[in-house]
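Scroll down for the structure; my scribbles are underneath it.
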Amino acid sequence: MAGPRARVCVGAITGPHGVRGAVKLKSFMAAPENIVGHGPVSDESGRRRFTLSLTGAAGDRLIARIDGVVDRAAAEALKGTQLFLPREALPAIEGEDEYYVEDLMGLQTELRDGSAYGEIVAVHDFGAGQVLEIAPASGPTVMFPFTAQAVPLVDVAAGRMVVDPPPGLVDGDAEAGEIGEE
């Protein structure tokens, strides 16, 4: 069963901005600017800590300065770095339909009929909504839409999620029709 993790990924550095060491950030916080204000963030290993200060925005990215990063080369070297905060630095979950995405990792999924399906191995957001990557007991991982219809139950406390796959996603059923069908 998955449980709360000690650290939560709250964003990532997506690249440099300008020549004076600023970086572009993708925030995973509900209010993107909340990536600052909870103390320093760290990299995935927890060994490197970064103090961020926001200076603006560019499209859907935040622009930030990082203490000690003073030129474009240093900012470029941080590209792709995921940023983490200790869980205790973040607000408590208030509603039963709220959770940190990090808490979904490792949840066991089952189909509506109660049969086991697989384990959540990743949550992606490619811009059109979140997608779950589920590793079934056998075979390749499946990308699964994370919508209320396709995921009617998320029970982090019990370590489980009920999924209701669209036709053809899990069982190869072609009810939805096939390309080229007349």
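Labeling convention for the structure tokens: chains A, B, ... as they appear, residues from 1 per chain, ligands from 1 in order of appearance.
Within segment 13-178 of chain A, DSSP applied to the backbone places the following residues in helix (DSSP H, G or I): Pro32, Glu33, Asn34, Ile35, Arg72, Ala73, Ala74, Ala75, Glu76, Ala77, Arg87, Glu88, Ala89, Val101, Glu102, Asp103 and Leu104 of chain A.
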Where does segment 41-135 of chain A meet segment 13-37 of chain A within 6 Å, residue by residue, with the nearest atom pair and distance in Å to one decimal for each, counting only C-alpha atoms, listed by chain and rising number, as a Markdown table?
| residue | atom | partner | partner_atom | distance |
| --- | --- | --- | --- | --- |
| A:Arg61 | CA | A:Lys26 | CA | 5.3 |
| A:Leu62 | CA | A:Leu25 | CA | 5.0 |
| A:Ile63 | CA | A:Lys24 | CA | 4.7 |
| A:Ala64 | CA | A:Val23 | CA | 5.4 |
| A:Arg65 | CA | A:Ala22 | CA | 4.8 |
| A:Val69 | CA | A:Gly21 | CA | 5.2 |
| A:Val70 | CA | A:Gly21 | CA | 4.4 |
| A:Asp71 | CA | A:Gly21 | CA | 3.9 |
| A:Arg72 | CA | A:Val19 | CA | 4.6 |
| A:Ala75 | CA | A:Pro16 | CA | 5.1 |
| A:Glu76 | CA | A:Pro16 | CA | 5.2 |
| A:Lys79 | CA | A:Gly15 | CA | 4.7 |
| A:Gly80 | CA | A:Ile13 | CA | 5.4 |
| A:Thr81 | CA | A:Ile13 | CA | 5.4 |
Leaving out Pro145 of chain A and any residue of its chain fewer than 6 positions from it, which residues lie within 8 Å of it when counting only C-alpha atoms, given as a PyMOL selection string? chain A and resi 129-132
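Residues of segment 76-129 of chain A that DSSP, applied to the backbone, places in strand (DSSP E): Gln82, Leu83, Phe84, Leu85, Pro86, Gln108, Thr109, Glu110, Leu111, Ala116, Tyr117, Gly118, Glu119, Ile120, Val121, Ala122, Val123, His124 and Asp125 of chain A.
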Go ahead and write the selection's residues with all heavy atoms as a short mmCIF file (atom, residue, chain, number, x, y, z; two decimals), in the first residue's frame.
data_model
loop_
_atom_site.label_atom_id
_atom_site.label_comp_id
_atom_site.auth_asym_id
_atom_site.auth_seq_id
_atom_site.Cartn_x
_atom_site.Cartn_y
_atom_site.Cartn_z
N GLN A 82 14.02 18.30 -10.84
CA GLN A 82 12.74 18.30 -10.13
C GLN A 82 12.97 18.92 -8.75
O GLN A 82 14.02 18.73 -8.14
CB GLN A 82 12.19 16.89 -9.99
CG GLN A 82 11.76 16.30 -11.31
CD GLN A 82 11.10 14.94 -11.13
OE1 GLN A 82 11.52 14.14 -10.31
NE2 GLN A 82 10.06 14.70 -11.90
N LEU A 83 11.95 19.66 -8.29
CA LEU A 83 12.06 20.39 -7.03
C LEU A 83 11.11 19.78 -6.00
O LEU A 83 9.93 19.57 -6.29
CB LEU A 83 11.73 21.86 -7.27
CG LEU A 83 12.59 22.54 -8.34
CD1 LEU A 83 12.08 23.94 -8.62
CD2 LEU A 83 14.06 22.56 -7.92
N PHE A 84 11.61 19.54 -4.80
CA PHE A 84 10.86 18.87 -3.75
C PHE A 84 10.80 19.72 -2.49
O PHE A 84 11.73 20.47 -2.19
CB PHE A 84 11.52 17.53 -3.39
CG PHE A 84 11.43 16.50 -4.47
CD1 PHE A 84 12.30 16.51 -5.55
CD2 PHE A 84 10.46 15.51 -4.41
CE1 PHE A 84 12.21 15.56 -6.54
CE2 PHE A 84 10.37 14.55 -5.41
CZ PHE A 84 11.24 14.58 -6.48
N LEU A 85 9.71 19.57 -1.77
CA LEU A 85 9.55 20.16 -0.45
C LEU A 85 9.25 19.04 0.54
O LEU A 85 8.62 18.04 0.17
CB LEU A 85 8.38 21.14 -0.43
CG LEU A 85 8.64 22.54 -0.96
CD1 LEU A 85 7.33 23.31 -1.11
CD2 LEU A 85 9.60 23.29 -0.04
N PRO A 86 9.65 19.23 1.80
CA PRO A 86 9.24 18.25 2.81
C PRO A 86 7.73 18.29 2.96
O PRO A 86 7.12 19.36 2.93
CB PRO A 86 9.92 18.73 4.09
CG PRO A 86 10.81 19.85 3.72
CD PRO A 86 10.46 20.29 2.34
N GLN A 108 -2.72 0.69 -5.69
CA GLN A 108 -3.19 -0.46 -6.45
C GLN A 108 -4.52 -0.09 -7.10
O GLN A 108 -5.36 0.54 -6.47
CB GLN A 108 -3.37 -1.67 -5.53
CG GLN A 108 -2.06 -2.13 -4.90
CD GLN A 108 -1.03 -2.51 -5.94
OE1 GLN A 108 -1.29 -3.30 -6.85
NE2 GLN A 108 0.15 -1.92 -5.83
N THR A 109 -4.68 -0.47 -8.34
CA THR A 109 -5.93 -0.19 -9.04
C THR A 109 -6.71 -1.48 -9.21
O THR A 109 -6.14 -2.57 -9.30
CB THR A 109 -5.69 0.45 -10.42
OG1 THR A 109 -4.95 -0.45 -11.24
CG2 THR A 109 -4.94 1.76 -10.30
N GLU A 110 -8.02 -1.30 -9.23
CA GLU A 110 -8.90 -2.44 -9.48
C GLU A 110 -10.01 -1.98 -10.41
O GLU A 110 -10.36 -0.79 -10.45
CB GLU A 110 -9.46 -3.02 -8.20
CG GLU A 110 -10.24 -2.05 -7.36
CD GLU A 110 -10.61 -2.60 -6.00
OE1 GLU A 110 -9.71 -3.02 -5.24
OE2 GLU A 110 -11.82 -2.61 -5.69
N LEU A 111 -10.55 -2.92 -11.16
CA LEU A 111 -11.66 -2.62 -12.04
C LEU A 111 -12.94 -2.54 -11.22
O LEU A 111 -12.97 -2.96 -10.06
CB LEU A 111 -11.77 -3.69 -13.13
CG LEU A 111 -10.52 -3.81 -14.02
CD1 LEU A 111 -10.66 -5.00 -14.97
CD2 LEU A 111 -10.27 -2.53 -14.79
N ALA A 116 -8.27 -7.12 -9.53
CA ALA A 116 -7.03 -6.34 -9.50
C ALA A 116 -6.63 -5.99 -10.93
O ALA A 116 -6.77 -6.80 -11.85
CB ALA A 116 -5.94 -7.14 -8.82
N TYR A 117 -6.12 -4.77 -11.11
CA TYR A 117 -5.65 -4.38 -12.43
C TYR A 117 -4.16 -4.08 -12.45
O TYR A 117 -3.43 -4.65 -13.23
CB TYR A 117 -6.45 -3.19 -12.97
CG TYR A 117 -5.98 -2.82 -14.35
CD1 TYR A 117 -6.15 -3.69 -15.40
CD2 TYR A 117 -5.29 -1.64 -14.58
CE1 TYR A 117 -5.66 -3.40 -16.66
CE2 TYR A 117 -4.81 -1.33 -15.83
CZ TYR A 117 -4.99 -2.21 -16.88
OH TYR A 117 -4.49 -1.92 -18.11
N GLY A 118 -3.68 -3.18 -11.63
CA GLY A 118 -2.26 -2.85 -11.66
C GLY A 118 -1.91 -1.77 -10.65
O GLY A 118 -2.69 -1.45 -9.76
N GLU A 119 -0.72 -1.20 -10.82
CA GLU A 119 -0.19 -0.22 -9.88
C GLU A 119 0.10 1.09 -10.60
O GLU A 119 0.62 1.10 -11.71
CB GLU A 119 1.11 -0.76 -9.27
CG GLU A 119 1.77 0.17 -8.30
CD GLU A 119 3.04 -0.43 -7.72
OE1 GLU A 119 3.13 -1.66 -7.57
OE2 GLU A 119 3.96 0.35 -7.43
N ILE A 120 -0.21 2.21 -9.95
CA ILE A 120 0.11 3.53 -10.51
C ILE A 120 1.62 3.72 -10.44
O ILE A 120 2.22 3.64 -9.37
CB ILE A 120 -0.57 4.67 -9.71
CG1 ILE A 120 -2.06 4.46 -9.58
CG2 ILE A 120 -0.22 6.03 -10.31
CD1 ILE A 120 -2.84 4.63 -10.83
N VAL A 121 2.25 3.94 -11.59
CA VAL A 121 3.69 4.15 -11.63
C VAL A 121 4.06 5.58 -11.98
O VAL A 121 5.19 6.01 -11.73
CB VAL A 121 4.40 3.16 -12.58
CG1 VAL A 121 4.25 1.73 -12.06
CG2 VAL A 121 3.89 3.27 -14.00
N ALA A 122 3.13 6.35 -12.55
CA ALA A 122 3.41 7.75 -12.87
C ALA A 122 2.10 8.49 -13.12
O ALA A 122 1.08 7.87 -13.45
CB ALA A 122 4.30 7.86 -14.11
N VAL A 123 2.14 9.78 -12.92
CA VAL A 123 1.03 10.67 -13.26
C VAL A 123 1.63 11.73 -14.18
O VAL A 123 2.59 12.41 -13.82
CB VAL A 123 0.39 11.32 -12.02
CG1 VAL A 123 -0.74 12.24 -12.42
CG2 VAL A 123 -0.10 10.26 -11.04
N HIS A 124 1.07 11.84 -15.38
CA HIS A 124 1.58 12.78 -16.37
C HIS A 124 0.55 13.87 -16.63
O HIS A 124 -0.65 13.63 -16.49
CB HIS A 124 1.86 12.07 -17.70
CG HIS A 124 2.80 10.91 -17.58
ND1 HIS A 124 4.15 11.06 -17.46
CD2 HIS A 124 2.56 9.57 -17.56
CE1 HIS A 124 4.72 9.86 -17.38
NE2 HIS A 124 3.77 8.95 -17.44
N ASP A 125 1.03 15.02 -17.04
CA ASP A 125 0.14 16.10 -17.49
C ASP A 125 0.77 16.69 -18.74
O ASP A 125 1.74 17.43 -18.67
CB ASP A 125 -0.05 17.16 -16.41
CG ASP A 125 -1.15 18.14 -16.77
OD1 ASP A 125 -1.48 18.28 -17.98
OD2 ASP A 125 -1.68 18.77 -15.85
#
message = Need to verify the contact set: segment 162-164 of chain A, 10 Å, only C-alpha atoms, exclusion of same-chain residues closer than 5 positions in sequence. Can you return it as number ranges by chain?
response = A: 108-117, 144-155, 169-170
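The coordinates place atom CA of Arg87 of chain A at 22.5 Å from atom CA of Asp67 of chain A.
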note - atom CA of Thr55 of chain A and atom CA of Arg7 of chain A are separated by 25.3 Å
Contacts of Tyr99 of chain A within 10 Å, only C-alpha atoms, excl. fewer than 5 positions in-chain, as an MDAnalysis selection string = chainID A and resid 4 92:94 104 154:156
Next, write the just-selected residues to a file, as a CSV table (one decimal), in the first residue's frame, keeping C-alpha atoms as the atom set.
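Generated output (out.csv):
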chain,number,residue,atom,x,y,z
A,4,PRO,CA,2.3,9.6,2.3
A,92,ALA,CA,-2.7,19.6,5.1
A,93,ILE,CA,-5.2,17.9,2.8
A,94,GLU,CA,-8.6,19.2,3.7
A,104,LEU,CA,-1.1,8.3,-6.0
A,154,VAL,CA,-9.5,7.3,-5.2
A,155,ASP,CA,-9.0,6.0,-1.7
A,156,VAL,CA,-5.4,7.0,-0.7
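Closest to Gly11 of chain A among A:Val41, A:Pro140, A:Tyr100, A:Ala58 is A:Val41, based on only C-alpha atoms.
Of the listed residues A:Pro165, A:Asp43, A:Gly106, A:Gly59, the one whose atoms come nearest to Val8 of chain A is A:Asp43, with distances taken using only C-alpha atoms.
Taking atom CA of Ala89 of chain A and atom CA of Val10 of chain A as endpoints, the distance between them is 11.4 Å.
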